[in-house]
Every structure is written in structure tokens, then in C-alpha cells.
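Below: input16.cif (mmCIF, C-alpha atoms and all ligand atoms)
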```cif
data_my_file
loop_
_atom_site.label_atom_id
_atom_site.label_comp_id
_atom_site.auth_asym_id
_atom_site.auth_seq_id
_atom_site.Cartn_x
_atom_site.Cartn_y
_atom_site.Cartn_z
CA MET A 2 -17.01 5.11 -21.58
CA MET A 3 -15.90 8.44 -22.98
CA PHE A 4 -18.10 11.43 -23.78
CA ALA A 5 -17.07 10.81 -27.39
CA GLU A 6 -19.03 7.54 -27.30
CA ILE A 7 -22.25 9.20 -26.16
CA ILE A 8 -24.91 9.58 -28.84
CA GLY A 9 -25.80 13.27 -29.23
CA GLN A 10 -26.52 15.20 -25.98
CA GLU A 11 -23.71 17.68 -26.61
CA SER A 12 -25.27 20.47 -24.53
CA VAL A 13 -25.76 18.19 -21.50
CA ILE A 14 -22.14 17.08 -21.77
CA GLN A 15 -20.94 20.66 -22.07
CA LYS A 16 -22.67 21.58 -18.81
CA LEU A 17 -20.90 18.69 -17.09
CA ARG A 18 -17.52 19.76 -18.48
CA ASN A 19 -18.13 23.29 -17.26
CA ALA A 20 -19.01 22.08 -13.77
CA LYS A 21 -15.68 20.24 -13.54
CA LYS A 22 -13.75 23.17 -14.97
CA ASP A 23 -15.34 25.62 -12.53
CA GLY A 24 -14.84 23.29 -9.59
CA ARG A 25 -18.54 23.05 -8.83
CA VAL A 26 -19.32 19.37 -9.28
CA ALA A 27 -22.44 18.76 -7.17
CA HIS A 28 -22.06 15.90 -4.70
CA ALA A 29 -25.52 14.55 -5.53
CA GLN A 30 -26.84 14.71 -9.06
CA LEU A 31 -29.85 13.19 -10.76
CA PHE A 32 -29.45 12.28 -14.43
CA LEU A 33 -33.07 12.48 -15.43
CA GLY A 34 -34.10 11.31 -18.88
CA PRO A 35 -36.37 8.85 -20.68
CA GLU A 36 -35.23 5.33 -21.60
CA GLY A 37 -32.84 5.38 -24.52
CA SER A 38 -31.77 8.98 -23.90
CA GLY A 39 -28.38 7.84 -22.61
CA ASN A 40 -28.67 9.17 -19.06
CA PHE A 41 -26.93 6.12 -17.60
CA ALA A 42 -24.16 6.23 -20.23
CA ILE A 43 -23.62 9.94 -19.54
CA ALA A 44 -23.30 9.31 -15.78
CA LEU A 45 -20.72 6.62 -16.55
CA ALA A 46 -18.77 8.85 -18.93
CA TYR A 47 -18.87 11.65 -16.38
CA ALA A 48 -17.47 9.34 -13.68
CA GLN A 49 -14.60 8.53 -16.06
CA PHE A 50 -14.06 12.18 -17.01
CA LEU A 51 -13.85 13.20 -13.35
CA ASN A 52 -11.43 10.45 -12.38
CA CYS A 53 -9.15 10.22 -15.44
CA PRO A 54 -5.75 11.71 -14.52
CA ASN A 55 -5.06 12.57 -18.18
CA ALA A 56 -8.43 14.09 -19.04
CA SER A 57 -8.43 17.07 -21.39
CA GLU A 58 -10.95 19.86 -21.00
CA LEU A 59 -13.26 17.92 -23.30
CA ASP A 60 -13.02 14.27 -22.41
CA SER A 61 -11.31 11.49 -20.49
CA CYS A 62 -8.29 9.96 -22.24
CA GLY A 63 -9.89 6.54 -22.68
CA THR A 64 -6.55 4.73 -22.50
CA CYS A 65 -5.10 5.14 -18.97
CA PRO A 66 -5.57 2.38 -16.37
CA THR A 67 -8.33 4.40 -14.66
CA CYS A 68 -10.31 4.83 -17.89
CA LYS A 69 -9.84 1.16 -18.76
CA LYS A 70 -11.02 0.00 -15.35
CA ILE A 71 -14.05 2.28 -15.44
CA SER A 72 -14.92 1.15 -18.97
CA ASN A 73 -14.67 -2.46 -17.82
CA ILE A 74 -16.78 -1.72 -14.74
CA GLN A 75 -13.91 -2.85 -12.55
CA TYR A 76 -12.94 0.39 -10.86
CA ALA A 77 -12.78 -0.04 -7.08
CA ASP A 78 -14.17 3.45 -6.40
CA LEU A 79 -17.12 3.18 -8.78
CA HIS A 80 -20.08 1.49 -7.14
CA PHE A 81 -23.55 0.69 -8.36
CA SER A 82 -26.86 0.27 -6.65
CA PHE A 83 -29.91 -0.93 -8.56
CA PRO A 84 -33.15 -2.85 -7.98
CA PHE A 85 -33.05 -6.65 -7.70
CA TYR A 86 -35.19 -9.44 -6.27
CA ASN A 87 -34.72 -11.17 -2.97
CA LYS A 88 -33.13 -14.55 -3.58
CA PRO A 89 -35.25 -17.30 -2.03
CA GLY A 90 -34.03 -18.36 1.39
CA LYS A 91 -31.56 -15.48 1.54
CA THR A 92 -32.50 -12.62 3.84
CA ASP A 93 -29.56 -10.36 3.09
CA THR A 94 -29.72 -10.16 -0.71
CA CYS A 95 -28.12 -6.98 -2.03
CA THR A 96 -26.75 -5.66 -5.33
CA ASP A 97 -23.49 -7.56 -4.77
CA ASP A 98 -25.43 -10.75 -5.46
CA PHE A 99 -26.23 -9.45 -8.95
CA GLY A 100 -22.96 -7.61 -9.63
CA SER A 101 -21.85 -9.76 -12.55
CA GLU A 102 -25.28 -9.70 -14.23
CA PHE A 103 -25.43 -5.92 -13.98
CA ARG A 104 -21.87 -5.60 -15.27
CA ASN A 105 -22.75 -7.80 -18.25
CA LEU A 106 -25.74 -5.63 -18.99
CA ILE A 107 -23.61 -2.45 -19.02
CA LEU A 108 -20.83 -4.06 -21.04
CA ARG A 109 -23.30 -5.18 -23.70
CA SER A 110 -24.46 -1.58 -23.99
CA PRO A 111 -24.76 1.22 -21.44
CA TYR A 112 -28.04 2.03 -23.21
CA PHE A 113 -30.40 -0.47 -21.64
CA THR A 114 -33.99 -0.58 -20.45
CA TYR A 115 -35.56 -1.61 -17.19
CA ASP A 116 -37.20 -4.55 -18.97
CA GLN A 117 -33.82 -5.75 -20.23
CA TRP A 118 -32.55 -5.68 -16.67
CA VAL A 119 -35.59 -7.58 -15.39
CA GLU A 120 -34.91 -10.18 -18.08
CA GLU A 121 -31.19 -10.40 -17.21
CA CYS A 122 -31.67 -10.43 -13.45
CA SER A 123 -34.74 -12.57 -13.01
CA LYS A 124 -35.74 -14.99 -15.71
CA ASP A 125 -39.18 -15.46 -14.23
CA HIS A 126 -39.84 -11.73 -14.14
CA LYS A 127 -40.12 -11.13 -10.46
CA ALA A 128 -40.85 -7.61 -9.28
CA LEU A 129 -37.59 -5.86 -8.51
CA LEU A 130 -36.92 -3.71 -5.46
CA PHE A 131 -34.33 -2.04 -3.26
CA SER A 132 -34.30 -3.79 0.11
CA VAL A 133 -33.42 -2.16 3.43
CA LYS A 134 -30.37 -4.40 3.37
CA GLU A 135 -29.30 -2.59 0.22
CA GLY A 136 -29.38 0.72 2.12
CA ALA A 137 -26.95 -0.73 4.64
CA ASN A 138 -24.83 -2.07 1.77
CA VAL A 139 -24.55 1.39 0.18
CA LEU A 140 -23.59 2.94 3.52
CA HIS A 141 -20.96 0.27 4.03
CA LYS A 142 -19.44 0.77 0.58
CA LEU A 143 -19.19 4.49 1.10
CA SER A 144 -17.55 4.07 4.49
CA LEU A 145 -14.61 2.19 2.96
CA THR A 146 -11.50 4.21 2.23
CA SER A 147 -10.99 5.28 -1.33
CA TYR A 148 -8.77 2.86 -3.23
CA GLU A 149 -7.94 4.70 -6.35
CA GLY A 150 -7.79 8.36 -5.34
CA GLN A 151 -9.95 11.12 -6.87
CA TYR A 152 -13.70 10.60 -6.55
CA LYS A 153 -15.55 7.71 -5.08
CA ILE A 154 -18.79 7.54 -7.03
CA ILE A 155 -21.96 5.57 -6.50
CA VAL A 156 -24.34 5.30 -9.41
CA ILE A 157 -27.85 4.61 -8.13
CA TRP A 158 -30.05 3.46 -10.97
CA LYS A 159 -33.86 3.62 -10.70
CA PRO A 160 -34.27 5.57 -7.43
CA GLU A 161 -37.94 5.72 -8.49
CA LEU A 162 -38.19 2.32 -6.83
CA PHE A 163 -36.87 3.52 -3.46
CA LYS A 164 -39.25 2.95 -0.59
CA ALA A 165 -39.22 5.44 2.28
CA ASP A 166 -37.13 3.09 4.46
CA ILE A 167 -34.08 3.01 2.18
CA ALA A 168 -34.47 6.69 1.27
CA ASN A 169 -34.45 7.61 4.96
CA MET A 170 -31.33 5.55 5.57
CA LEU A 171 -29.49 7.43 2.85
CA LEU A 172 -30.74 10.96 3.50
CA LYS A 173 -27.97 12.05 5.76
CA ILE A 174 -25.14 10.72 3.64
CA VAL A 175 -26.65 12.12 0.44
CA GLU A 176 -26.83 15.51 2.10
CA GLU A 177 -23.37 15.39 3.63
CA PRO A 178 -21.33 12.74 1.89
CA PRO A 179 -17.77 11.94 2.91
CA LYS A 180 -15.14 14.03 1.13
CA ASN A 181 -14.83 13.37 -2.61
CA THR A 182 -17.85 11.10 -2.65
CA LEU A 183 -20.44 11.64 -5.36
CA PHE A 184 -23.97 10.32 -5.79
CA PHE A 185 -25.13 9.90 -9.35
CA PHE A 186 -28.81 9.02 -9.37
CA VAL A 187 -30.08 7.87 -12.76
CA ALA A 188 -33.84 7.93 -13.31
CA ASN A 189 -36.44 8.03 -16.08
CA SER A 190 -39.04 10.07 -14.25
CA SER A 191 -38.98 12.38 -11.26
CA GLU A 192 -42.64 11.73 -10.48
CA ASN A 193 -42.06 8.67 -8.36
CA ILE A 194 -38.87 9.80 -6.66
CA LEU A 195 -39.42 10.61 -3.01
CA ASN A 196 -39.22 14.30 -2.30
CA THR A 197 -36.68 13.73 0.43
CA ILE A 198 -34.25 12.55 -2.28
CA LEU A 199 -35.40 14.91 -5.01
CA SER A 200 -34.84 17.97 -2.86
CA ARG A 201 -31.23 16.99 -2.21
CA VAL A 202 -30.01 16.50 -5.77
CA GLN A 203 -28.98 18.70 -8.63
CA ILE A 204 -31.04 17.69 -11.64
CA ILE A 205 -29.32 17.11 -14.97
CA GLN A 206 -32.08 16.94 -17.59
CA VAL A 207 -31.25 14.50 -20.39
CA PRO A 208 -33.78 14.97 -23.21
CA LYS A 209 -34.88 12.23 -25.59
CA LEU A 210 -32.70 12.05 -28.70
CA LYS A 211 -33.61 13.77 -31.92
CA SER A 212 -34.57 11.37 -34.71
CA SER A 213 -31.90 12.95 -36.90
CA VAL A 214 -29.25 12.10 -34.25
CA ILE A 215 -30.44 8.48 -34.14
CA GLN A 216 -30.37 8.31 -37.90
CA GLU A 217 -26.81 9.71 -38.04
CA GLU A 218 -25.63 7.20 -35.47
CA LEU A 219 -27.26 4.32 -37.36
CA THR A 220 -25.59 5.43 -40.56
CA ARG A 221 -22.26 5.76 -38.72
CA ILE A 222 -22.48 2.14 -37.56
CA GLY A 223 -23.24 0.98 -41.09
CA VAL A 224 -27.03 0.68 -41.28
CA ASP A 225 -28.16 1.62 -44.79
CA ALA A 226 -29.96 4.92 -45.40
CA GLY A 227 -33.48 3.63 -45.94
CA LYS A 228 -33.39 1.31 -42.98
CA SER A 229 -31.85 3.89 -40.65
CA ASN A 230 -34.58 6.32 -41.61
CA ALA A 231 -37.26 3.75 -40.83
CA ILE A 232 -35.63 2.77 -37.53
CA ALA A 233 -35.13 6.40 -36.46
CA HIS A 234 -38.76 7.09 -37.22
CA TYR A 235 -39.94 4.08 -35.28
CA ALA A 236 -37.56 4.54 -32.32
CA ASP A 237 -38.87 8.05 -31.64
CA GLY A 238 -35.82 9.37 -29.79
CA ASP A 239 -35.12 6.15 -27.89
CA TRP A 240 -31.74 4.58 -28.68
CA CYS A 241 -32.67 1.39 -26.82
CA ALA A 242 -35.61 0.93 -29.16
CA ALA A 243 -33.33 1.61 -32.15
CA GLN A 244 -30.81 -0.99 -30.90
CA ASN A 245 -33.59 -3.47 -30.43
CA LEU A 246 -34.78 -2.94 -33.99
CA ILE A 247 -31.31 -3.52 -35.39
CA GLU A 248 -30.78 -6.67 -33.35
CA ASN A 249 -34.15 -8.22 -34.06
CA GLU A 250 -33.94 -7.51 -37.71
CA ASP A 251 -37.19 -8.40 -39.34
CA PRO A 252 -37.03 -7.03 -42.86
CA ASN A 253 -40.81 -6.81 -43.06
CA GLU A 254 -40.89 -4.70 -39.95
CA PHE A 255 -38.83 -2.01 -41.67
CA LEU A 256 -40.93 -2.24 -44.78
CA ALA A 257 -44.02 -1.92 -42.59
CA VAL A 258 -42.70 1.18 -40.85
CA GLN A 259 -41.80 2.72 -44.22
CA PHE A 260 -45.11 1.84 -45.77
CA GLN A 261 -47.17 3.13 -42.87
CA SER A 262 -45.37 6.45 -42.61
CA TRP A 263 -45.54 6.87 -46.39
CA MET A 264 -49.29 6.23 -46.43
CA ARG A 265 -49.83 8.68 -43.57
CA ASN A 266 -47.79 11.34 -45.33
CA CYS A 267 -49.57 10.70 -48.63
CA TYR A 268 -52.96 10.91 -47.03
CA SER A 269 -52.20 14.14 -45.20
CA LYS A 270 -50.29 15.46 -48.24
CA LYS A 271 -47.17 16.35 -46.29
CA ILE A 272 -45.22 17.50 -49.29
CA SER A 273 -41.88 18.15 -47.58
CA ALA A 274 -41.99 14.76 -45.80
CA LEU A 275 -42.86 13.09 -49.10
CA PHE A 276 -40.03 14.90 -50.80
CA SER A 277 -37.43 13.74 -48.30
CA TRP A 278 -38.90 10.25 -48.36
CA SER A 279 -38.53 10.16 -52.17
CA THR A 280 -34.91 11.23 -51.80
CA GLU A 281 -34.27 8.46 -49.28
CA MET A 282 -35.97 5.87 -51.46
CA ALA A 283 -33.87 7.01 -54.40
CA ASP A 284 -30.71 6.32 -52.36
CA GLN A 285 -31.62 2.69 -51.90
CA SER A 286 -30.66 -0.13 -54.18
CA ARG A 287 -33.07 -1.03 -56.96
CA GLU A 288 -33.57 -4.39 -55.36
CA ARG A 289 -34.71 -2.76 -52.14
CA GLN A 290 -36.98 -0.34 -54.02
CA LYS A 291 -38.62 -3.28 -55.75
CA GLN A 292 -38.91 -5.16 -52.48
CA PHE A 293 -40.68 -2.15 -51.01
CA LEU A 294 -43.11 -1.85 -53.91
CA ARG A 295 -43.87 -5.58 -53.72
CA TYR A 296 -44.61 -5.11 -50.06
CA CYS A 297 -46.92 -2.16 -50.86
CA LEU A 298 -48.85 -4.24 -53.40
CA HIS A 299 -49.30 -6.98 -50.83
CA GLN A 300 -50.52 -4.49 -48.23
CA ILE A 301 -53.03 -2.88 -50.60
CA ARG A 302 -54.49 -6.31 -51.40
CA GLN A 303 -54.71 -7.30 -47.75
CA ASN A 304 -56.32 -4.01 -46.78
CA LEU A 305 -58.94 -4.47 -49.46
CA ILE A 306 -59.74 -7.90 -48.02
CA LEU A 307 -59.93 -6.40 -44.56
CA ASN A 308 -62.27 -3.68 -45.76
CA TYR A 309 -64.74 -5.96 -47.53
CA SER A 310 -64.55 -9.32 -45.81
CA ASN A 311 -66.52 -10.23 -42.74
CA ASP A 312 -63.70 -12.54 -41.75
CA SER A 313 -60.69 -10.39 -40.88
CA SER A 314 -58.53 -13.50 -40.42
CA LEU A 315 -58.49 -13.86 -44.23
CA ALA A 316 -56.11 -10.90 -44.47
CA GLN A 317 -52.49 -11.99 -44.23
CA LEU A 318 -51.14 -9.38 -41.85
CA THR A 319 -48.90 -9.37 -38.80
CA GLU A 320 -50.24 -8.05 -35.54
CA LYS A 321 -48.55 -4.69 -36.02
CA GLU A 322 -49.75 -4.41 -39.61
CA ARG A 323 -53.24 -5.26 -38.47
CA ALA A 324 -53.15 -2.47 -35.88
CA PHE A 325 -52.33 0.05 -38.63
CA SER A 326 -54.79 -1.49 -41.06
CA SER A 327 -57.70 -1.26 -38.66
CA LYS A 328 -57.73 2.44 -39.48
CA PHE A 329 -56.19 2.33 -42.93
CA SER A 330 -58.27 -0.40 -44.64
CA PRO A 331 -61.43 1.77 -45.11
CA PHE A 332 -59.35 3.91 -47.49
CA ILE A 333 -58.79 0.97 -49.83
CA ASN A 334 -62.03 0.39 -51.69
CA HIS A 335 -63.51 -0.59 -55.06
CA LEU A 336 -63.19 3.00 -56.33
CA ASN A 337 -59.44 3.18 -56.03
CA VAL A 338 -57.95 -0.26 -55.57
CA GLU A 339 -57.39 -1.05 -59.25
CA ASP A 340 -55.66 2.26 -59.92
CA LEU A 341 -53.55 1.98 -56.78
CA MET A 342 -52.32 -1.46 -57.86
CA LEU A 343 -51.75 -0.23 -61.39
CA GLU A 344 -49.64 2.74 -60.26
CA LEU A 345 -47.55 0.57 -57.91
CA GLU A 346 -47.00 -2.00 -60.66
CA LYS A 347 -46.02 0.71 -63.14
CA ALA A 348 -43.53 2.10 -60.62
CA TYR A 349 -42.17 -1.42 -60.12
CA THR A 350 -41.51 -1.74 -63.85
CA CYS A 351 -39.97 1.75 -64.00
CA VAL A 352 -37.48 0.92 -61.22
CA SER A 353 -35.92 -1.67 -63.55
CA GLN A 354 -35.65 0.90 -66.32
CA ASN A 355 -33.52 3.98 -66.38
CA VAL A 356 -35.97 6.32 -64.66
CA ASN A 357 -34.95 9.01 -62.16
CA PRO A 358 -36.03 7.31 -58.92
CA LYS A 359 -36.49 10.55 -57.00
CA ILE A 360 -39.02 11.84 -59.52
CA LEU A 361 -40.59 8.41 -59.79
CA PHE A 362 -41.31 8.15 -56.05
CA MET A 363 -42.46 11.75 -55.71
CA ASP A 364 -44.79 11.35 -58.65
CA LEU A 365 -46.09 8.09 -57.22
CA SER A 366 -46.72 9.80 -53.86
CA ILE A 367 -48.90 12.44 -55.48
CA LYS A 368 -50.87 9.81 -57.39
CA ILE A 369 -51.40 7.80 -54.21
CA PHE A 370 -52.52 10.95 -52.43
CA ARG A 371 -55.17 11.57 -55.09
CA LEU A 372 -56.33 7.97 -55.14
CA LEU A 373 -56.70 7.81 -51.36
CA GLN A 374 -59.20 10.68 -51.63
CA ARG A 375 -61.61 8.42 -53.53
CA ARG A 376 -63.91 7.27 -50.79
CA GLN A 377 -67.05 5.18 -50.88
ZN ZN B 1 -7.87 8.24 -18.71
#
```
What's the C-alpha cells form of this structure?
Ligand SMILES: [Zn+2]
Amino acid sequence: MMFAEIIGQESVIQKLRNAKKDGRVAHAQLFLGPEGSGNFAIALAYAQFLNCPNASELDSCGTCPTCKKISNIQYADLHFSFPFYNKPGKTDTCTDDFGSEFRNLILRSPYFTYDQWVEECSKDHKALLFSVKEGANVLHKLSLTSYEGQYKIIVIWKPELFKADIANMLLKIVEEPPKNTLFFFVANSSENILNTILSRVQIIQVPKLKSSVIQEELTRIGVDAGKSNAIAHYADGDWCAAQNLIENEDPNEFLAVQFQSWMRNCYSKKISALFSWSTEMADQSRERQKQFLRYCLHQIRQNLILNYSNDSSLAQLTEKERAFSSKFSPFINHLNVEDLMLELEKAYTCVSQNVNPKILFMDLSIKIFRLLQRRQ
């Protein structure tokens, strides 16, 4: 993993480069950031940057045997410690028993969530932990001589789950590690990390990603403009969530996200948001614009049913749509429903004709805004 493969986070990476350049790489660091921020990926890329013999000032080379081994999670001086469950009938379970599962997880994507790991590691969703045995395992690994030269690094993921016993075992070595040994703790929250550990690490804050950065990355990997906008909006700075949305592609889910954010922006008359939304809609194919308008018509009808019927099951809505509609449906009533449908249908017809789509969608937004003001 090179820095070049990290999504955004340029200022975090620059601080890490500077630390190497100035010869002040802390021996115990905590990469602290929310899920999907890339804190684990950054720790991995930093391990590669520090060990690559051909690294430039900016990045590891990505092609030397060291870089290749680190990228493949097969570098003898790069160790991992992470939570796991005690295998039944085995009293000395440690991370080595889950090494290949954890490697698979990283190789699929170094942006992963705790839930993904629980799924990968324990199909029946057992609670995961660090055992005392794991403390001894870490100490043992660090006592071995370095195989590859440069730094021996242990990445400890989820130290939030440390109990006092394992933390106490590691205190001394974290404070005074053997020469050229580095601890990279990777955590989502400092709240549950024991103070004994927290006070001994240098904290590297990894903020959540900007939506614009997520959108750029989605576009770079070939997701179309409208969809990447919807995903970026929905993911809210979390690349894991964005990945999940791409993988579990449910076209209606994107339409739902688009529709809901459009309705919110129309209702609160956020002109600049509506303007950029119209531009994004205009960039999409006519087929997709029509698909969106069809979806809107369906939603308006279902929300009307929800508003007036005593039996909410009559409305054909998914669970997520229903959650939005519980607040939205009162806005769709007998005073505006006909005009709302009429405007959406007119727009649908216009899409097929040679109408400037940007103006069409902006104009439609303003009409929807006005119509949503008509309340019972
Ligand atoms: Zn290299």
C-alpha cells in the first residue's frame, strides 16, 4: 500500500513524511479516526514508506521486494494484533489462528469495518476480544530478531477492546520498545482506550473524509456522476460505507437517496444545493433522468397513500423509504398532489424533447418548493 493509494488525507500523510524526514518517528503512535477514514490503510502505507529502501521523500516505491511483501501482507517484520474469539476447546487461541482471515480482509480492501471483521472471523457473530495469551504472543513476536532490516512494526487494531490485563502486559514494551520497533495502534475512538496506553502514544488524528473527496474517488474508479453524488451524500465521509453501496448496488437505493435529498433541499429552499443538483442531473443520461422522474412519481403516490390511509401497509415502500416518508408524507396532500404529479409528468415529457436539462431541473425544483408549501 502506497500513500498514493490512500483516499484524501493529504495533510495527515504530509505530517508522517515530515516525521521520517526529520528523524522523529515516534515509537508508539495511535492512528485515530472513524471507520472509513482510512486510518488502517494509512498505518499500512506508513509501514511501507518507512521500510522501503527506494522510497522518495513522498512515497514508497511500490515495486521493490519490500513494498511487494508489505502490500501482500507477507513481510516478516510487519505483525498484526487484532481482536478474535477463543476457539472452542483451545485455551491458547491468538491472532495467529486468524492470520489468513485477517490477511484476506486487508487484501480485499484496507478500508474495512469492525462488523466486516466479525463477519469474516466468526460466522456466528461471537463477541471478539484480546486474550491474555495474545499479550504473550505480541511480546514473543517482538522478541524475535528482525528478519528484513529497517523497522519491525506491529499494527494493533482496535486497542479499544484491550482489557487491563493485556494492556498491563504491554506497558513496558510500548514505553521502551526494542531498537527499531514501532507500535502502530489503530482505533476509531480514544474514549475506550485505557489511559495507560493512551498516555504512551503519539496521536495521529485521521479525520472523516470530505464528501467531495469520496465523490472524486468514486468518479475516478468509474462510478457515474449522479450515482457518485448520491453515494458520497449517503456515505457521509465513510469510505467503507461508500464501498458497501457500490458493492450492494440497488438502483432504487440511489434513486431513494437522490429523491430524499432533493425533497429536503426543495422544502428548505436551499438554492445553491438545488443548483448543483440540477447540474448533476443534467450530466446524467436521459434514460437515467427519466428513471429518476418515474421514481419520484411513484414516491409521491405512495406518500399520498401513507398520508391518507389508515393502513400504512398499503403504501409500496421499502423500509428505508418508509423511514423517510414517516416525516415526509404529511407534505403530500389533496391540495398539492395533482400539481406535483403534473409537474413531474411534464418534466418527464420534456426530458425526451430538446430542453436544456439544467434549466428544466432547476425550474422543477422551484415549482416543487412552492407546491410543498401548500399544507392542509
Ligand atoms: Zn519499495
*In terms of the shortest atom-to-atom distance over all atoms listed in the file, which of A:Ala44, A:Leu315, A:Cys62, A:Leu298 is closest to ligand ZN 1 (chain B)?*
A:Cys62
*asked:* At a cut-off of 9 Å, using all atoms listed in the file, what residues contact A:Tyr296? Leave out same-chain residues fewer than 5 positions from it and give the result as a ChimeraX atom specification.
replied: /A:253,256-257,260,291,301
*Output the neighbourhood of ligand ZN 1 (chain B) as a VMD selection string, that is, all protein and nucleic acid residues with some atom at most 6 Å from the ligand, counting only C-alpha atoms and all ligand atoms.*
chain A and resid 53 to 56 61 to 65 67 to 68
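Using only C-alpha atoms, the shortest contact distance between A:Leu195 and any of A:Ala20, A:Ile8, A:Met363, A:Leu162 is found at A:Leu162.
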_Point-to-point distance from atom CA of A:Cys95 to atom CA of A:Asn40, Å rounded to tenths_ =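 Going from atom CA of A:Cys95 over to atom CA of A:Asn40 covers 23.5 Å.
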